[in-house]
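These notes are about the structure you will find just below.
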Amino acid sequence: MATNYDAARLAGARSTGWRSALSVSTREFLNRPDLVGSAFPASRYLVDALLDPVDWSTARVVVEFGPGTGPLTRAMLRRMPADSRLVTLDVSPHFTRHLRRTIDDPRLLAITTSAASVRATLAKHELGSADLIVTGIPFSTMSPDEGAKVLDASAQVLHPNGELLAYQMRTAIAPLLAPRFDEVERSYVWRNIPPCHLYWARRPFKPAL
Ligand SMILES: C[S@@+](CC[C@H](N)C(=O)[O-])C[C@H]1O[C@@H](n2cnc3c(N)ncnc32)[C@H](O)[C@@H]1O
């Protein structure tokens, strides 16, 4: 049985060089600092701190908002089962192209669109509900209305036992998570540029449409 999919081979097979990732990331940050938040890809300390507490063996559909150059994307693919799907949504076509070029894995569906369209995107690809959503999009530079829209859509598409994982430079997401999830656990990771707040929001309350 292919547990965790010969995933090291597939997810990392054409893993991008650190320099190429940094160059795409820096260019995009200089173009749209408000949307990108940081020129530095997430550190392995942040990646492990955020992903390790989650049981990936039962994940079937995972969604990532704002994958950027894909450090979390690759790490998730290494943890996910063979028959799962990972859908990444990024507003930057440059990041989407970078992922498609550097990750050779049939489980990955990299799309250029806003996180707010997650419901329509999953429906279009007949993927049903999501087990996990992982987000690095900067809620601190979005209007509260925009942030609420993204999190309402997230709660709507998540499985009742689903979980939303977030890493954020600031805490603007916290008051948006509290009314939408039954439980929110928090932590902080110093070994990242910049250090980040981590959130695990469990059991979504479904908003009325
Ligand atoms: C902090 S960066 C993510 C960096 C990435 N995780 C990494 O470590 O390289 C934020 C990302 O969110 C994307 N983004 C910002 N707003 C978005 C939105 N509303 N929907 C989807 N992606 C968004 C940006 O294009 C950028 O790729």
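Every chain in the structure tokens takes a letter, A first, then B, and so on in the order presented; its residues are numbered from 1, and the ligands are numbered from 1 following the presented order.
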Residues of range 22-149 of chain A classed as helix (DSSP H, G or I) by DSSP on the backbone are to be reported as JSON, numbers by chain. {"A": [22, 23, 24, 25, 26, 27, 28, 29, 30, 31, 33, 34, 35, 36, 44, 45, 46, 47, 48, 49, 50, 51, 56, 57, 58, 71, 72, 73, 74, 75, 76, 77, 78, 79, 93, 94, 95, 96, 97, 98, 99, 100, 101, 102, 115, 116, 117, 118, 119, 120, 121, 122, 123, 124, 139, 140, 141, 144, 145, 146, 147, 148, 149]}
Between range 40-128 of chain A and range 171-192 of chain A, at 12 Å or less, what are the per-residue closest atom pairs and their distances in Å? Count only C-alpha atoms, order by chain and rising residue number, and return it as CSV.
residue,atom,partner,partner_atom,distance
A:Phe40,CA,A:Asn192,CA,8.6
A:Pro41,CA,A:Asn192,CA,8.8
A:Ala42,CA,A:Asn192,CA,6.6
A:Ser43,CA,A:Asn192,CA,5.3
A:Arg44,CA,A:Asn192,CA,8.2
A:Tyr45,CA,A:Arg191,CA,6.1
A:Leu46,CA,A:Val189,CA,6.1
A:Val47,CA,A:Asn192,CA,9.5
A:Asp48,CA,A:Val189,CA,10.1
A:Ala49,CA,A:Val189,CA,7.4
A:Leu50,CA,A:Ser187,CA,8.9
A:Pro53,CA,A:Glu185,CA,11.0
Those of range 3-199 of chain A in DSSP strand (DSSP E), formatted as a PyMOL selection string:
chain A and resi 61-65+85-90+108-112+130-135+158-168+181-189+196-199
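If you count only C-alpha atoms and ignore residues fewer than 2 places along the chain from Met142 in chain A, what sits within 12 Å of it is A:Asp34, A:Leu35, A:Val36, A:Gly37, A:Ala116, A:Ile137, A:Pro138, A:Phe139, A:Ser140, A:Pro144, A:Asp145, A:Glu146, A:Gly147, A:Ala148, A:Lys149, A:Val150, A:Arg170, A:Ala172, A:Ile173, A:Leu176.
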Dump the neighbourhood of ligand 1 as an mmCIF file with N, CA and C atoms, in the first residue's frame: all residues within 6 Å, distances computed on only C-alpha atoms and all ligand atoms.
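Output contents, as saved in pocket27.cif:
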data_model
loop_
_atom_site.group_PDB
_atom_site.id
_atom_site.type_symbol
_atom_site.label_atom_id
_atom_site.label_comp_id
_atom_site.auth_asym_id
_atom_site.auth_seq_id
_atom_site.Cartn_x
_atom_site.Cartn_y
_atom_site.Cartn_z
ATOM 1 N N LEU A 35 -0.420 42.105 -0.242
ATOM 2 C CA LEU A 35 -0.964 40.765 -0.471
ATOM 3 C C LEU A 35 0.011 39.664 -0.083
ATOM 4 N N VAL A 36 1.300 39.944 -0.224
ATOM 5 C CA VAL A 36 2.292 38.879 -0.024
ATOM 6 C C VAL A 36 2.798 38.836 1.424
ATOM 7 N N GLY A 37 2.891 39.986 2.067
ATOM 8 C CA GLY A 37 3.192 40.007 3.511
ATOM 9 C C GLY A 37 4.660 39.867 3.848
ATOM 10 N N SER A 38 5.374 38.926 3.227
ATOM 11 C CA SER A 38 6.796 38.728 3.534
ATOM 12 C C SER A 38 7.510 38.236 2.284
ATOM 13 N N PRO A 41 10.097 32.925 2.116
ATOM 14 C CA PRO A 41 9.268 31.731 2.261
ATOM 15 C C PRO A 41 9.286 31.220 3.706
ATOM 16 N N ALA A 42 8.190 30.539 4.087
ATOM 17 C CA ALA A 42 8.081 30.019 5.458
ATOM 18 C C ALA A 42 9.260 29.098 5.778
ATOM 19 N N PHE A 65 -4.642 28.341 1.062
ATOM 20 C CA PHE A 65 -4.804 29.714 0.582
ATOM 21 C C PHE A 65 -3.438 30.387 0.609
ATOM 22 N N GLY A 66 -3.018 30.964 -0.511
ATOM 23 C CA GLY A 66 -1.769 31.718 -0.554
ATOM 24 C C GLY A 66 -0.536 30.858 -0.399
ATOM 25 N N PRO A 67 -0.359 29.864 -1.272
ATOM 26 C CA PRO A 67 0.804 28.975 -1.141
ATOM 27 C C PRO A 67 2.137 29.670 -1.411
ATOM 28 N N GLY A 68 2.115 30.803 -2.108
ATOM 29 C CA GLY A 68 3.378 31.456 -2.462
ATOM 30 C C GLY A 68 4.257 30.489 -3.229
ATOM 31 N N THR A 69 5.519 30.362 -2.794
ATOM 32 C CA THR A 69 6.451 29.484 -3.506
ATOM 33 C C THR A 69 6.313 28.021 -3.080
ATOM 34 N N GLY A 70 5.463 27.741 -2.101
ATOM 35 C CA GLY A 70 5.100 26.353 -1.809
ATOM 36 C C GLY A 70 5.827 25.575 -0.727
ATOM 37 N N PRO A 71 6.468 26.231 0.257
ATOM 38 C CA PRO A 71 7.110 25.411 1.300
ATOM 39 C C PRO A 71 6.101 24.549 2.069
ATOM 40 N N LEU A 89 -4.939 27.902 -3.809
ATOM 41 C CA LEU A 89 -5.552 29.101 -4.387
ATOM 42 C C LEU A 89 -4.659 30.293 -4.085
ATOM 43 N N ASP A 90 -4.148 30.923 -5.129
ATOM 44 C CA ASP A 90 -3.320 32.119 -4.925
ATOM 45 C C ASP A 90 -3.743 33.176 -5.944
ATOM 46 N N VAL A 91 -3.831 34.428 -5.508
ATOM 47 C CA VAL A 91 -4.227 35.492 -6.432
ATOM 48 C C VAL A 91 -3.113 35.821 -7.426
ATOM 49 N N SER A 92 -1.889 35.405 -7.132
ATOM 50 C CA SER A 92 -0.780 35.717 -8.039
ATOM 51 C C SER A 92 -0.541 34.594 -9.042
ATOM 52 N N SER A 114 -8.958 33.940 -5.867
ATOM 53 C CA SER A 114 -8.975 34.386 -4.471
ATOM 54 C C SER A 114 -9.495 33.280 -3.552
ATOM 55 N N ALA A 115 -9.009 33.311 -2.323
ATOM 56 C CA ALA A 115 -9.485 32.367 -1.305
ATOM 57 C C ALA A 115 -10.995 32.468 -1.128
ATOM 58 N N GLY A 136 -2.068 31.207 4.690
ATOM 59 C CA GLY A 136 -1.019 32.174 5.025
ATOM 60 C C GLY A 136 -1.356 33.537 4.460
ATOM 61 N N ILE A 137 -2.579 33.710 3.932
ATOM 62 C CA ILE A 137 -2.903 35.025 3.362
ATOM 63 C C ILE A 137 -3.008 36.042 4.502
#
I'd like the contact shell of Val118 in chain A - 10 Å cut-off, only C-alpha atoms, skipping same-chain residues fewer than 6 positions apart - returned as a VMD selection string. chain A and resid 63 to 65 87 to 89 124 130 150 153 to 154 156 to 157
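Taking CA of Cys196 in chain A and CA of Val134 in chain A as the two end points, the separation is 14.3 Å.
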| message | Need to verify the contact set: Ser129 in chain A, 10 Å, only C-alpha atoms, exclusion of same-chain residues closer than 4 positions in sequence. Can you return it as JSON, numbers by chain? | response | {"A": [60, 61, 62, 63, 119, 122, 123, 154, 156, 157, 158, 159, 160, 162]}
Closest of A:Leu51, A:Ile193, A:Ala39, A:Ala75 to Leu165 in chain A, counting only C-alpha atoms, is A:Leu51
Q) Residues at most 7 Å from Met80 in chain A, counting only C-alpha atoms, excluding those fewer than 2 positions away in the same chain, as a PyMOL selection string? A) chain A and resi 4+56-57+59+76-78+82+84
Save out the residues we just selected, N, CA, C and O atoms, as a compact mmCIF listing (two decimals), in the first residue's frame.
# COMPACT_ATOMS: atom_id res chain seq x y z
N ASN A 4 1.36 7.51 2.63
CA ASN A 4 2.01 8.81 2.38
C ASN A 4 2.65 8.87 1.01
O ASN A 4 3.56 9.64 0.77
N TRP A 56 -2.60 13.73 9.28
CA TRP A 56 -2.70 13.87 7.82
C TRP A 56 -3.16 12.57 7.16
O TRP A 56 -3.53 12.56 5.99
N SER A 57 -3.13 11.46 7.91
CA SER A 57 -3.40 10.17 7.29
C SER A 57 -4.85 10.03 6.83
O SER A 57 -5.17 9.24 5.97
N ALA A 59 -6.68 12.75 5.74
CA ALA A 59 -7.04 13.90 4.90
C ALA A 59 -7.32 13.43 3.47
O ALA A 59 -6.51 12.71 2.89
N MET A 76 3.00 19.43 2.95
CA MET A 76 1.69 18.76 3.08
C MET A 76 1.63 17.55 2.16
O MET A 76 1.16 16.49 2.55
N LEU A 77 2.10 17.72 0.94
CA LEU A 77 2.07 16.58 0.00
C LEU A 77 2.88 15.40 0.55
O LEU A 77 2.51 14.25 0.36
N ARG A 78 3.96 15.70 1.25
CA ARG A 78 4.75 14.61 1.84
C ARG A 78 3.97 13.87 2.92
O ARG A 78 4.20 12.70 3.17
N ALA A 82 -2.12 8.79 -0.65
CA ALA A 82 -1.98 8.66 -2.11
C ALA A 82 -3.22 9.12 -2.87
O ALA A 82 -3.12 9.65 -3.96
N SER A 84 -5.43 11.44 -2.02
CA SER A 84 -5.94 12.74 -1.59
C SER A 84 -5.71 13.80 -2.68
O SER A 84 -5.04 13.53 -3.68
